[in-house]
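Text of target.csv, listed as CSV, C-alpha atoms:
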chain,number,residue,atom,x,y,z
A,92,MET,CA,-182.0,-59.2,-114.7
A,93,MET,CA,-179.3,-61.5,-116.3
A,94,LYS,CA,-177.9,-62.4,-112.8
A,95,PHE,CA,-181.4,-63.2,-111.5
A,96,ALA,CA,-182.1,-65.4,-114.6
A,97,LYS,CA,-178.9,-67.4,-113.9
A,98,ILE,CA,-179.8,-67.9,-110.3
A,99,GLN,CA,-183.3,-69.0,-111.3
A,100,SER,CA,-181.9,-71.5,-113.8
A,101,LEU,CA,-179.6,-72.8,-111.2
A,102,ILE,CA,-182.5,-73.5,-108.8
A,103,HIS,CA,-184.5,-75.2,-111.6
A,104,ASN,CA,-181.6,-77.6,-112.3
A,105,ILE,CA,-180.9,-78.4,-108.6
A,106,PHE,CA,-184.6,-79.0,-107.8
A,107,PRO,CA,-185.9,-80.6,-111.0
A,108,LYS,CA,-188.9,-82.3,-109.5
A,109,ARG,CA,-190.2,-79.0,-108.1
A,110,TYR,CA,-189.6,-77.3,-111.4
A,111,PHE,CA,-191.6,-79.8,-113.5
A,112,GLN,CA,-194.4,-79.9,-110.9
A,113,ARG,CA,-194.7,-76.2,-111.2
A,114,HIS,CA,-194.7,-76.0,-115.0
A,115,VAL,CA,-196.3,-79.2,-116.2
A,116,GLN,CA,-200.0,-79.4,-116.6
A,117,ASN,CA,-202.3,-82.2,-117.7
A,118,PHE,CA,-199.4,-84.7,-117.5
A,119,GLU,CA,-197.4,-86.4,-114.8
A,120,PRO,CA,-194.5,-84.0,-114.2
A,121,VAL,CA,-191.7,-86.2,-115.5
A,122,PRO,CA,-188.3,-84.5,-115.7
A,123,ALA,CA,-187.1,-84.1,-119.3
A,124,TYR,CA,-183.6,-83.5,-120.5
A,125,PHE,CA,-182.1,-82.7,-123.9
A,126,TYR,CA,-178.8,-83.5,-125.6
A,127,HIS,CA,-177.2,-82.9,-129.0
A,128,GLN,CA,-173.9,-84.7,-129.7
A,129,ILE,CA,-173.3,-87.7,-127.4
A,130,GLU,CA,-170.1,-88.6,-125.6
A,131,ALA,CA,-169.8,-92.3,-124.9
A,132,SER,CA,-168.4,-92.7,-121.4
A,133,GLU,CA,-170.6,-90.0,-119.9
A,134,PHE,CA,-173.8,-91.3,-121.5
A,135,GLU,CA,-173.1,-94.9,-120.5
A,136,GLN,CA,-172.7,-93.8,-116.9
A,137,ILE,CA,-176.1,-92.0,-117.2
A,138,CYS,CA,-177.7,-95.2,-118.6
A,139,LYS,CA,-176.3,-97.3,-115.8
A,140,LEU,CA,-177.6,-94.9,-113.2
A,141,ILE,CA,-181.1,-94.9,-114.8
A,142,VAL,CA,-181.2,-98.7,-114.5
A,143,GLN,CA,-179.7,-98.8,-111.0
A,144,ARG,CA,-182.2,-96.2,-109.8
A,145,ASN,CA,-185.1,-98.0,-111.5
A,146,PHE,CA,-186.1,-95.0,-113.5
A,147,GLN,CA,-188.5,-95.4,-116.4
A,148,ALA,CA,-187.0,-93.8,-119.5
A,149,LEU,CA,-190.2,-92.7,-121.4
A,150,THR,CA,-190.9,-91.5,-124.9
A,151,ILE,CA,-193.2,-88.6,-125.8
A,152,ASN,CA,-195.9,-91.0,-126.9
A,153,GLN,CA,-195.8,-92.7,-123.6
A,154,LEU,CA,-196.2,-89.3,-121.9
A,155,LEU,CA,-199.0,-88.3,-124.2
A,156,ASP,CA,-200.9,-91.6,-123.8
A,157,HIS,CA,-200.2,-91.8,-120.0
A,158,SER,CA,-198.9,-95.4,-120.7
A,159,PHE,CA,-196.5,-95.8,-117.9
A,160,ASP,CA,-196.5,-96.3,-114.1
A,161,PRO,CA,-197.0,-92.9,-112.5
A,162,LYS,CA,-195.9,-94.3,-109.1
A,163,ALA,CA,-192.5,-95.3,-110.3
A,164,PRO,CA,-189.7,-92.7,-111.0
A,165,ALA,CA,-189.5,-91.6,-114.6
A,166,LEU,CA,-187.6,-89.3,-116.9
A,167,LEU,CA,-187.4,-88.2,-120.6
A,168,LEU,CA,-184.2,-88.4,-122.6
A,169,THR,CA,-184.4,-86.3,-125.7
A,170,MET,CA,-181.9,-85.7,-128.5
A,171,ASP,CA,-182.1,-82.7,-130.8
A,172,ASP,CA,-181.2,-82.2,-134.5
A,173,GLY,CA,-180.0,-85.6,-135.6
A,174,TRP,CA,-176.2,-85.8,-135.1
A,175,SER,CA,-174.4,-89.0,-136.1
A,176,SER,CA,-173.5,-89.8,-132.5
A,177,VAL,CA,-177.2,-90.5,-131.7
A,178,TRP,CA,-176.8,-93.5,-134.0
A,179,SER,CA,-173.2,-94.5,-133.3
A,180,ILE,CA,-173.2,-93.9,-129.5
A,181,ALA,CA,-176.6,-93.2,-127.9
A,182,PHE,CA,-178.6,-95.8,-129.7
A,183,PRO,CA,-176.4,-98.8,-129.0
A,184,LEU,CA,-176.1,-97.8,-125.4
A,185,ALA,CA,-179.9,-97.3,-125.1
A,186,ARG,CA,-180.4,-100.7,-126.6
A,187,LYS,CA,-177.8,-102.3,-124.3
A,188,TYR,CA,-179.5,-100.9,-121.1
A,189,GLY,CA,-183.1,-101.1,-122.3
A,190,ILE,CA,-183.6,-97.4,-122.4
A,191,ARG,CA,-185.9,-95.4,-124.7
A,192,LEU,CA,-185.0,-92.1,-126.3
A,193,THR,CA,-186.9,-89.4,-128.2
A,194,LEU,CA,-185.2,-87.8,-131.2
A,195,PHE,CA,-186.4,-84.4,-132.3
A,196,LEU,CA,-185.3,-84.5,-135.9
A,197,VAL,CA,-184.6,-81.8,-138.5
A,198,PRO,CA,-185.4,-83.7,-141.7
A,199,ASP,CA,-183.7,-81.3,-144.2
A,200,LEU,CA,-180.4,-81.8,-142.3
A,201,ILE,CA,-180.5,-85.6,-142.6
A,202,GLU,CA,-178.3,-87.2,-145.2
A,203,ASP,CA,-180.3,-88.8,-148.1
A,204,SER,CA,-178.7,-92.2,-147.8
A,205,SER,CA,-179.8,-95.7,-146.8
A,206,GLU,CA,-176.4,-96.4,-145.3
A,207,CYS,CA,-176.1,-97.5,-141.7
A,208,ARG,CA,-172.6,-96.7,-140.5
A,209,SER,CA,-170.5,-98.3,-137.7
A,210,THR,CA,-171.4,-97.9,-134.1
A,211,LEU,CA,-170.1,-98.9,-130.6
A,212,ASP,CA,-171.4,-102.4,-131.3
A,213,ASP,CA,-168.7,-102.8,-134.0
A,214,SER,CA,-166.0,-102.2,-131.3
A,215,ILE,CA,-165.0,-98.9,-132.9
A,216,ASP,CA,-163.0,-96.5,-130.7
A,217,PRO,CA,-165.6,-94.0,-129.2
A,218,ALA,CA,-163.2,-91.1,-129.9
A,219,ILE,CA,-163.4,-92.0,-133.6
A,220,LEU,CA,-167.2,-92.1,-133.5
A,221,SER,CA,-167.3,-88.7,-131.7
A,222,GLN,CA,-165.1,-87.2,-134.4
A,223,ARG,CA,-167.8,-88.1,-137.0
A,224,ASP,CA,-169.9,-85.3,-135.5
A,225,LEU,CA,-167.3,-82.8,-136.6
A,226,SER,CA,-166.8,-84.3,-140.1
A,227,ASP,CA,-168.5,-83.6,-143.5
A,228,ARG,CA,-170.9,-86.4,-142.6
A,229,ALA,CA,-171.9,-85.1,-139.1
A,230,MET,CA,-175.6,-85.8,-139.4
A,231,LEU,CA,-177.6,-89.0,-139.4
A,232,THR,CA,-178.5,-90.8,-142.6
A,233,TRP,CA,-182.2,-91.7,-143.3
A,234,GLY,CA,-181.1,-95.4,-143.2
A,235,GLU,CA,-179.9,-94.9,-139.6
A,236,VAL,CA,-183.1,-93.0,-138.7
A,237,GLN,CA,-185.2,-95.7,-140.1
A,238,ALA,CA,-183.2,-98.5,-138.3
A,239,MET,CA,-183.6,-96.6,-134.9
A,240,HIS,CA,-187.3,-96.1,-135.5
A,241,GLU,CA,-187.9,-99.7,-136.3
A,242,SER,CA,-186.0,-100.9,-133.2
A,243,GLY,CA,-188.5,-99.4,-130.9
A,244,TYR,CA,-185.8,-97.8,-128.7
A,245,VAL,CA,-185.9,-94.4,-130.5
A,246,GLU,CA,-189.0,-92.4,-131.1
A,247,ILE,CA,-189.0,-89.7,-133.8
A,248,GLN,CA,-190.6,-86.2,-133.4
A,249,SER,CA,-190.2,-82.9,-135.1
A,250,HIS,CA,-187.5,-80.2,-134.5
A,251,SER,CA,-188.5,-77.9,-137.5
A,252,LEU,CA,-187.8,-78.4,-141.2
A,253,ASN,CA,-184.2,-77.1,-141.4
A,254,HIS,CA,-183.2,-75.4,-138.1
A,255,GLY,CA,-182.6,-72.3,-140.2
A,256,MET,CA,-181.9,-68.6,-139.6
A,257,VAL,CA,-183.2,-65.5,-141.3
A,258,PHE,CA,-182.0,-62.0,-141.8
A,259,THR,CA,-183.2,-59.4,-139.2
A,260,SER,CA,-181.6,-56.2,-140.5
A,261,ALA,CA,-181.6,-54.3,-143.8
A,262,SER,CA,-177.9,-53.4,-143.3
A,263,PRO,CA,-175.4,-56.1,-144.4
A,264,CYS,CA,-172.6,-56.8,-141.8
A,265,GLU,CA,-170.2,-58.9,-143.9
A,266,PHE,CA,-169.8,-61.1,-147.0
A,267,SER,CA,-169.4,-64.9,-147.3
A,268,THR,CA,-165.7,-65.7,-147.7
A,269,PRO,CA,-163.6,-68.9,-147.8
A,270,SER,CA,-162.5,-68.4,-144.2
A,271,SER,CA,-165.8,-67.2,-142.6
A,272,PRO,CA,-167.6,-70.1,-141.0
A,273,PHE,CA,-171.4,-69.9,-141.1
A,274,PRO,CA,-173.3,-70.3,-137.8
A,275,ARG,CA,-172.5,-73.5,-136.0
A,276,ALA,CA,-169.7,-74.5,-138.4
A,277,ASP,CA,-171.9,-74.7,-141.5
A,278,ARG,CA,-174.5,-76.9,-139.7
A,279,VAL,CA,-177.2,-74.2,-139.3
A,280,PRO,CA,-178.5,-73.0,-142.7
A,281,MET,CA,-179.4,-69.5,-143.8
A,282,ILE,CA,-182.8,-69.2,-145.3
A,283,ALA,CA,-182.6,-67.3,-148.6
A,284,GLN,CA,-185.1,-66.7,-151.4
A,285,VAL,CA,-184.2,-68.2,-154.8
A,286,LYS,CA,-186.7,-67.3,-157.5
A,287,GLY,CA,-189.2,-66.3,-154.9
A,288,GLU,CA,-189.0,-69.6,-152.9
A,289,ASP,CA,-187.3,-70.1,-149.5
A,290,VAL,CA,-184.1,-72.3,-149.7
A,291,ALA,CA,-181.9,-73.4,-146.8
A,292,LYS,CA,-178.3,-72.8,-147.6
A,293,SER,CA,-175.7,-74.2,-145.2
A,294,LYS,CA,-172.8,-72.7,-147.1
A,295,PRO,CA,-173.7,-69.5,-148.9
A,296,SER,CA,-172.0,-68.9,-152.2
A,297,LEU,CA,-168.8,-66.8,-152.0
A,298,GLY,CA,-169.6,-63.1,-152.0
A,299,THR,CA,-173.1,-63.5,-150.6
A,300,PRO,CA,-174.0,-60.4,-148.5
A,301,LEU,CA,-174.7,-61.5,-145.0
A,302,TYR,CA,-177.0,-59.6,-142.6
A,303,PRO,CA,-177.6,-60.0,-138.9
A,304,LEU,CA,-179.3,-63.3,-138.2
A,305,ALA,CA,-181.8,-64.8,-135.8
A,306,PRO,CA,-183.5,-68.2,-135.6
A,307,ALA,CA,-186.3,-68.5,-138.2
A,308,LEU,CA,-189.0,-69.3,-135.7
A,309,VAL,CA,-188.0,-66.6,-133.2
A,310,ALA,CA,-187.3,-63.4,-135.3
A,311,PRO,CA,-190.2,-60.9,-134.9
A,312,GLN,CA,-189.3,-59.4,-138.3
A,313,ARG,CA,-187.4,-60.9,-141.3
A,314,PHE,CA,-185.6,-58.9,-143.9
A,315,ILE,CA,-185.8,-60.5,-147.4
A,316,GLU,CA,-182.9,-59.4,-149.6
A,317,ASN,CA,-183.3,-58.5,-153.2
A,318,GLU,CA,-182.0,-61.6,-155.1
A,319,LYS,CA,-180.3,-59.3,-157.7
A,320,VAL,CA,-178.0,-58.0,-154.9
A,321,ARG,CA,-176.9,-61.5,-154.0
A,322,GLU,CA,-176.6,-62.6,-157.7
A,323,GLN,CA,-174.4,-59.6,-158.7
A,324,CYS,CA,-172.0,-60.0,-155.7
A,325,VAL,CA,-171.7,-63.7,-156.3
A,326,ALA,CA,-171.1,-63.2,-160.0
A,327,LEU,CA,-168.3,-60.7,-159.3
A,328,VAL,CA,-166.5,-63.2,-157.1
A,329,GLN,CA,-166.9,-66.0,-159.7
A,330,GLU,CA,-165.7,-63.8,-162.6
A,331,GLN,CA,-162.6,-62.7,-160.5
A,332,GLY,CA,-161.3,-66.2,-159.7
A,333,GLY,CA,-163.5,-67.4,-156.9
A,334,GLU,CA,-161.4,-67.9,-153.7
A,335,GLN,CA,-158.5,-65.9,-155.3
A,336,PHE,CA,-160.7,-62.8,-155.4
A,337,PHE,CA,-160.4,-62.5,-151.6
A,338,GLN,CA,-156.6,-62.3,-151.9
A,339,GLN,CA,-157.0,-58.8,-153.3
A,340,GLU,CA,-156.6,-56.0,-150.8
A,341,ASN,CA,-159.7,-54.1,-151.9
A,342,TRP,CA,-162.1,-57.2,-152.3
A,343,GLN,CA,-164.5,-55.9,-149.6
A,344,GLN,CA,-164.7,-52.4,-151.2
A,345,ARG,CA,-165.5,-53.9,-154.6
A,346,LEU,CA,-168.3,-56.1,-153.2
A,347,GLN,CA,-169.7,-53.1,-151.3
A,348,GLN,CA,-169.7,-51.0,-154.5
A,349,THR,CA,-171.5,-53.8,-156.3
A,350,LEU,CA,-174.0,-54.0,-153.4
A,351,ASN,CA,-174.6,-50.2,-153.6
A,352,GLN,CA,-175.4,-50.3,-157.3
A,353,VAL,CA,-178.8,-51.9,-156.6
A,354,GLU,CA,-181.2,-49.3,-155.2
A,355,GLU,CA,-183.8,-51.7,-153.8
A,356,LYS,CA,-181.9,-53.8,-151.3
A,357,GLY,CA,-184.9,-55.9,-150.2
A,358,HIS,CA,-188.1,-55.7,-148.2
A,359,TRP,CA,-189.5,-56.7,-144.8
A,360,GLU,CA,-191.7,-59.7,-144.4
A,361,GLY,CA,-195.3,-59.0,-143.5
A,362,GLU,CA,-197.1,-60.5,-140.5
A,363,GLN,CA,-199.2,-62.9,-142.6
A,364,GLU,CA,-196.2,-63.9,-144.6
A,365,ARG,CA,-194.4,-64.8,-141.4
A,366,ARG,CA,-197.3,-66.9,-140.1
A,367,ASP,CA,-197.6,-68.7,-143.5
A,368,ARG,CA,-193.8,-69.4,-143.3
A,369,TYR,CA,-194.2,-70.9,-139.8
A,370,GLN,CA,-197.0,-73.1,-140.9
A,371,ASN,CA,-195.2,-74.2,-144.0
A,372,ASP,CA,-192.1,-75.1,-141.9
A,373,LEU,CA,-194.0,-77.2,-139.4
A,374,LEU,CA,-196.2,-79.0,-142.0
A,375,LYS,CA,-193.3,-79.8,-144.3
A,376,ALA,CA,-191.2,-81.1,-141.4
A,377,LYS,CA,-194.0,-83.3,-140.1
A,378,SER,CA,-194.8,-84.6,-143.6
A,379,LYS,CA,-191.2,-85.4,-144.5
A,380,ILE,CA,-190.7,-87.4,-141.4
A,381,GLU,CA,-193.9,-89.3,-141.7
A,382,ASP,CA,-193.3,-90.0,-145.4
A,383,ARG,CA,-189.9,-91.4,-144.6
A,384,LEU,CA,-191.1,-93.5,-141.7
A,385,PRO,CA,-194.4,-95.2,-142.7
A,386,GLY,CA,-196.7,-95.8,-139.7
A,387,LEU,CA,-195.2,-93.0,-137.7
A,388,LYS,CA,-197.3,-90.0,-136.5
A,389,VAL,CA,-195.4,-86.9,-135.4
A,390,ARG,CA,-197.2,-85.6,-132.3
A,391,ALA,CA,-194.7,-83.3,-130.7
A,392,PHE,CA,-192.7,-80.3,-131.8
A,393,ALA,CA,-189.6,-78.8,-130.2
A,394,PRO,CA,-188.5,-75.5,-131.7
A,395,PRO,CA,-184.8,-75.1,-132.3
A,396,TRP,CA,-182.9,-73.5,-129.4
A,397,GLY,CA,-186.0,-74.1,-127.3
A,398,ALA,CA,-187.2,-70.6,-128.3
A,399,MET,CA,-190.0,-69.3,-130.5
A,400,HIS,CA,-192.1,-66.3,-131.5
A,401,PRO,CA,-195.0,-65.9,-129.0
A,402,ASP,CA,-197.7,-66.7,-131.6
A,403,LEU,CA,-196.0,-69.9,-132.9
A,404,SER,CA,-197.7,-72.0,-130.3
A,405,ALA,CA,-201.1,-71.6,-132.0
A,406,ILE,CA,-199.7,-72.6,-135.3
A,407,VAL,CA,-198.1,-75.7,-133.7
A,408,GLN,CA,-201.6,-76.8,-132.7
A,409,GLN,CA,-203.1,-75.9,-136.1
A,410,THR,CA,-200.6,-78.1,-137.9
A,411,GLY,CA,-201.7,-81.3,-136.0
A,412,HIS,CA,-199.2,-81.4,-133.1
A,413,GLU,CA,-200.3,-82.3,-129.6
A,414,LEU,CA,-197.4,-81.2,-127.5
A,415,LEU,CA,-195.0,-78.3,-127.6
A,416,MET,CA,-191.6,-79.0,-126.0
A,417,LEU,CA,-189.6,-76.0,-124.9
A,418,ALA,CA,-186.4,-75.3,-122.9
A,419,ASP,CA,-185.7,-73.5,-119.7
A,420,PRO,CA,-186.1,-70.6,-119.4
A,421,LEU,CA,-189.6,-70.8,-120.9
A,422,PRO,CA,-190.3,-68.0,-123.5
A,423,GLU,CA,-193.2,-65.6,-123.3
A,424,LEU,CA,-196.3,-67.3,-124.8
A,425,SER,CA,-199.2,-65.8,-126.7
A,426,GLN,CA,-202.7,-65.7,-125.2
A,427,GLU,CA,-203.7,-67.8,-128.2
A,428,ASN,CA,-201.8,-70.8,-126.9
A,429,TYR,CA,-204.1,-73.8,-126.3
A,430,LEU,CA,-201.5,-76.5,-126.7
A,431,PRO,CA,-199.9,-78.3,-123.7
A,432,ILE,CA,-196.4,-77.0,-123.0
A,433,TYR,CA,-193.6,-79.2,-121.7
A,434,PRO,CA,-190.2,-77.8,-120.6
A,435,ARG,CA,-186.8,-79.5,-120.8
A,436,LEU,CA,-183.6,-78.9,-119.0
A,437,LYS,CA,-180.0,-79.3,-120.4
A,438,GLY,CA,-178.7,-82.9,-120.3
A,439,ASN,CA,-175.9,-82.1,-117.9
A,440,ALA,CA,-178.3,-81.5,-115.1
A,441,ILE,CA,-179.6,-85.1,-115.1
A,442,TRP,CA,-176.9,-86.0,-112.7
A,443,ILE,CA,-178.8,-84.1,-110.0
A,444,LEU,CA,-182.0,-86.1,-110.6
A,445,LEU,CA,-180.0,-89.4,-110.6
A,446,GLN,CA,-177.6,-88.7,-107.7
A,447,GLY,CA,-179.4,-86.2,-105.5
A,448,GLN,CA,-178.6,-82.6,-104.7
A,449,ILE,CA,-175.1,-83.0,-103.2
A,450,LEU,CA,-173.4,-85.6,-105.3
A,451,GLY,CA,-175.5,-84.7,-108.3
A,452,THR,CA,-174.6,-81.0,-108.2
A,453,LEU,CA,-170.9,-81.8,-108.1
A,454,ALA,CA,-171.3,-84.2,-111.0
A,455,TRP,CA,-173.3,-81.5,-112.8
A,456,PHE,CA,-170.5,-78.9,-112.4
A,457,LYS,CA,-168.0,-81.4,-113.7
A,458,ALA,CA,-170.2,-82.2,-116.7
A,459,ASN,CA,-170.5,-78.5,-117.5
A,460,GLN,CA,-166.7,-78.2,-117.5
A,461,ARG,CA,-166.4,-81.1,-119.9
A,462,SER,CA,-169.1,-79.5,-122.1
A,463,LYS,CA,-167.1,-76.2,-122.2
A,464,GLU,CA,-164.0,-78.2,-123.3
A,465,ARG,CA,-165.9,-80.0,-126.0
A,466,LEU,CA,-167.5,-76.7,-127.1
A,467,ALA,CA,-164.0,-75.2,-127.5
A,468,ASN,CA,-163.1,-78.1,-129.7
A,469,GLY,CA,-166.1,-77.6,-132.0
A,470,ALA,CA,-168.6,-80.0,-130.5
A,471,ILE,CA,-172.2,-79.1,-129.5
A,472,PRO,CA,-173.0,-80.6,-126.0
Turn the structure described in the file into structure tokens.
Amino acid sequence: MMKFAKIQSLIHNIFPKRYFQRHVQNFEPVPAYFYHQIEASEFEQICKLIVQRNFQALTINQLLDHSFDPKAPALLLTMDDGWSSVWSIAFPLARKYGIRLTLFLVPDLIEDSSECRSTLDDSIDPAILSQRDLSDRAMLTWGEVQAMHESGYVEIQSHSLNHGMVFTSASPCEFSTPSSPFPRADRVPMIAQVKGEDVAKSKPSLGTPLYPLAPALVAPQRFIENEKVREQCVALVQEQGGEQFFQQENWQQRLQQTLNQVEEKGHWEGEQERRDRYQNDLLKAKSKIEDRLPGLKVRAFAPPWGAMHPDLSAIVQQTGHELLMLADPLPELSQENYLPIYPRLKGNAIWILLQGQILGTLAWFKANQRSKERLANGAIP
């Protein structure tokens, strides 16, 4: 089954027009591609080819409103999450070549600052700008988001409230330590309950029991830990010197003993609780983006990782969205889905659309190799 899925994905990337004609309904089948962190030289080559091939680079609103020339070639360039390189690299290049982008934003990950940092336009070495994506200030500031929005080159849509993950097992698998990186190098938060309210934590307190995780909008069941369990484990570490506690040979056994002292470890989330959480996530994300960017209406939603629980699509519609953007391979959808679905392919495959099956496929394989190298160095292609 896994081998068949890989072959099928390969075919989708090599024949993008056929793929989008098959899966897109009620719209022109415009090929759509998604990116995360942007590398300057490669993205500029893509921009040049878009202009040379006379492609229209559309936004989601243009797609929804059918406000483009359907007879001319078109594509959608979308960016996920809100990494700093969208501002420092992708935005100045898009403006230079007259190309429009759509940014699927995670509002709770955006830095609460009005600062607009340096970009390629300031003659900064692209390698230095790329390193910002791996720093303590890896995400966009609200000042940068607002500047891109006001420019008209970058359209903002929703990518969930916090891109978080939830527990999917009642059995802890480890504890938070000074040397244990949380998923995606502390960029993807864990959703925990604090005084009965969900809170996104990118760096759980030392000693926090960690359970198997899954994306918050995908997991069929969520385990909600007893807050007392977490509080007692964290308190033990703090009382015993914080980071120094983990230099003791028996630190894990001591945390496990503390964990075992609480009989009620937690409970499973109910179906209605899960649906309410989904709705709260989508409504808050939409509201936060629109409040920060007056005049903007969020119309499309792209779930993190391009995946979702089957019944999420109905909630996307109920929360005022008009389009659901997914990723190949498309997940199984609920019978309750009435919202238009639009797929996306990974950005590396855009070379095939721009250069044809032969040259484009070669360029695609090279781009995939570069992505693997960047991934090994901590980047997210």
**OP:** Pick out the residues sitting within 9 Å of Thr210 (chain A), and hand them over as a PyMOL selection string; count all atoms listed in the file, and ignore anything fewer than 2 positions along from it in its own chain.
**Re:** chain A and resi 176+178-180+182-183+207-208+212-215+217+220
Subject >> Exercise: Val389 (chain A) partners within 9 Å, all atoms listed in the file, chain neighbours under 3 positions left out, as an NGL selection string >> reply: :A and (247-249 or 377-378 or 380-381 or 392 or 411-413)
Any idea what's packed within 8 Å of His254 (chain A), counting all atoms listed in the file, ignoring anything in its chain fewer than 5 positions away? Could you give it as an mmCIF file with C-alpha atoms, in the coordinates of the input?
data_model
loop_
_atom_site.group_PDB
_atom_site.id
_atom_site.type_symbol
_atom_site.label_atom_id
_atom_site.label_comp_id
_atom_site.auth_asym_id
_atom_site.auth_seq_id
_atom_site.Cartn_x
_atom_site.Cartn_y
_atom_site.Cartn_z
ATOM 1 C CA ASP A 172 -181.200 -82.200 -134.500
ATOM 2 C CA VAL A 197 -184.600 -81.800 -138.500
ATOM 3 C CA VAL A 279 -177.200 -74.200 -139.300
ATOM 4 C CA PRO A 280 -178.500 -73.000 -142.700
ATOM 5 C CA PRO A 306 -183.500 -68.200 -135.600
ATOM 6 C CA ALA A 307 -186.300 -68.500 -138.200
ATOM 7 C CA PRO A 395 -184.800 -75.100 -132.300
#
Subject >> Residues within 7 Å of region 113-128 of chain A, only C-alpha atoms, excluding chain neighbours under 3 positions, as a PyMOL selection string >> reply: chain A and resi 107-110+161+165-172+174+176-177+433+435-438+441+471-472
Original post:
What is the distance between CA of Gly332 (chain A) and CA of Pro303 (chain A), in Å to one decimal?
Top reply: 27.1 Å
Subject >> Counting all atoms listed in the file, the option among A:Tyr369, A:Tyr302, A:Trp396, A:Phe111 closest to Thr410 (chain A) >> reply: A:Tyr369
Original post:
Which one is closest to Ala238 (chain A): A:Leu154, A:Leu350, A:Ala163, A:Leu384? Count all atoms listed in the file.
Top reply: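 Distance minimum relative to Ala238 (chain A) lands on A:Leu384.
You will find CA of Leu304 (chain A) at 15.4 Å from CA of Asp289 (chain A).
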**OP:** Might you pull out every residue within 8 Å of His400 (chain A), with only C-alpha atoms counted and same-chain residues fewer than 3 positions away left off, and present them as a PyMOL selection string?
**Re:** chain A and resi 308-311+403+424
Original post:
Can you tell me how far CA of Leu225 (chain A) sits from CA of Thr150 (chain A), in Å to one decimal?
Top reply: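 Value for the CA of Leu225 (chain A)-CA of Thr150 (chain A) distance: 27.7 Å.
Nearest to Ser271 (chain A) of all the residues A:Glu241, A:Glu288, A:Glu322, A:Glu334 is A:Glu334, counting only C-alpha atoms.
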**OP:** Could you pull out every residue with an atom within 6 Å of (-193.4, -81.2, -129.7), file coordinates, counting only C-alpha atoms, and send them as a list in words?
**Re:**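 Those residues lying close to the given coordinates are Ala391, Phe392, Ala393, Leu414, Leu415 and Met416 of chain A.
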Atoms are missing here; could region 105-115 of chain A be completed with N, CA, C and O atoms and written as a short mmCIF file (atom, residue, chain, number, x, y, z; two decimals), in the frame of the given file?
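Result file result07.cif:
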data_model
loop_
_atom_site.label_atom_id
_atom_site.label_comp_id
_atom_site.auth_asym_id
_atom_site.auth_seq_id
_atom_site.Cartn_x
_atom_site.Cartn_y
_atom_site.Cartn_z
N ILE A 105 -181.21 -77.69 -109.89
CA ILE A 105 -180.90 -78.40 -108.60
C ILE A 105 -182.19 -79.01 -108.03
O ILE A 105 -182.11 -80.04 -107.35
N PHE A 106 -183.34 -78.44 -108.34
CA PHE A 106 -184.60 -79.00 -107.80
C PHE A 106 -185.53 -79.32 -109.01
O PHE A 106 -186.57 -78.69 -109.19
N PRO A 107 -185.15 -80.32 -109.81
CA PRO A 107 -185.90 -80.60 -111.00
C PRO A 107 -187.35 -81.04 -110.78
O PRO A 107 -188.24 -80.66 -111.53
N LYS A 108 -187.58 -81.84 -109.75
CA LYS A 108 -188.90 -82.30 -109.50
C LYS A 108 -189.88 -81.15 -109.20
O LYS A 108 -191.00 -81.08 -109.69
N ARG A 109 -189.40 -80.22 -108.39
CA ARG A 109 -190.20 -79.00 -108.10
C ARG A 109 -190.45 -78.20 -109.30
O ARG A 109 -191.56 -77.69 -109.50
N TYR A 110 -189.43 -78.07 -110.15
CA TYR A 110 -189.60 -77.30 -111.40
C TYR A 110 -190.63 -77.86 -112.29
O TYR A 110 -191.50 -77.14 -112.80
N PHE A 111 -190.59 -79.17 -112.53
CA PHE A 111 -191.60 -79.80 -113.50
C PHE A 111 -192.96 -79.83 -112.85
O PHE A 111 -193.95 -79.71 -113.57
N GLN A 112 -193.07 -79.99 -111.54
CA GLN A 112 -194.40 -79.90 -110.90
C GLN A 112 -195.03 -78.57 -111.09
O GLN A 112 -196.25 -78.46 -111.24
N ARG A 113 -194.20 -77.55 -111.10
CA ARG A 113 -194.70 -76.20 -111.20
C ARG A 113 -195.15 -75.89 -112.67
O ARG A 113 -196.15 -75.20 -112.88
N HIS A 114 -194.43 -76.40 -113.66
CA HIS A 114 -194.70 -76.00 -115.00
C HIS A 114 -195.43 -76.97 -115.90
O HIS A 114 -195.88 -76.62 -116.99
N VAL A 115 -195.58 -78.21 -115.44
CA VAL A 115 -196.30 -79.20 -116.20
C VAL A 115 -197.73 -79.31 -115.84
O VAL A 115 -198.04 -79.46 -114.65
#
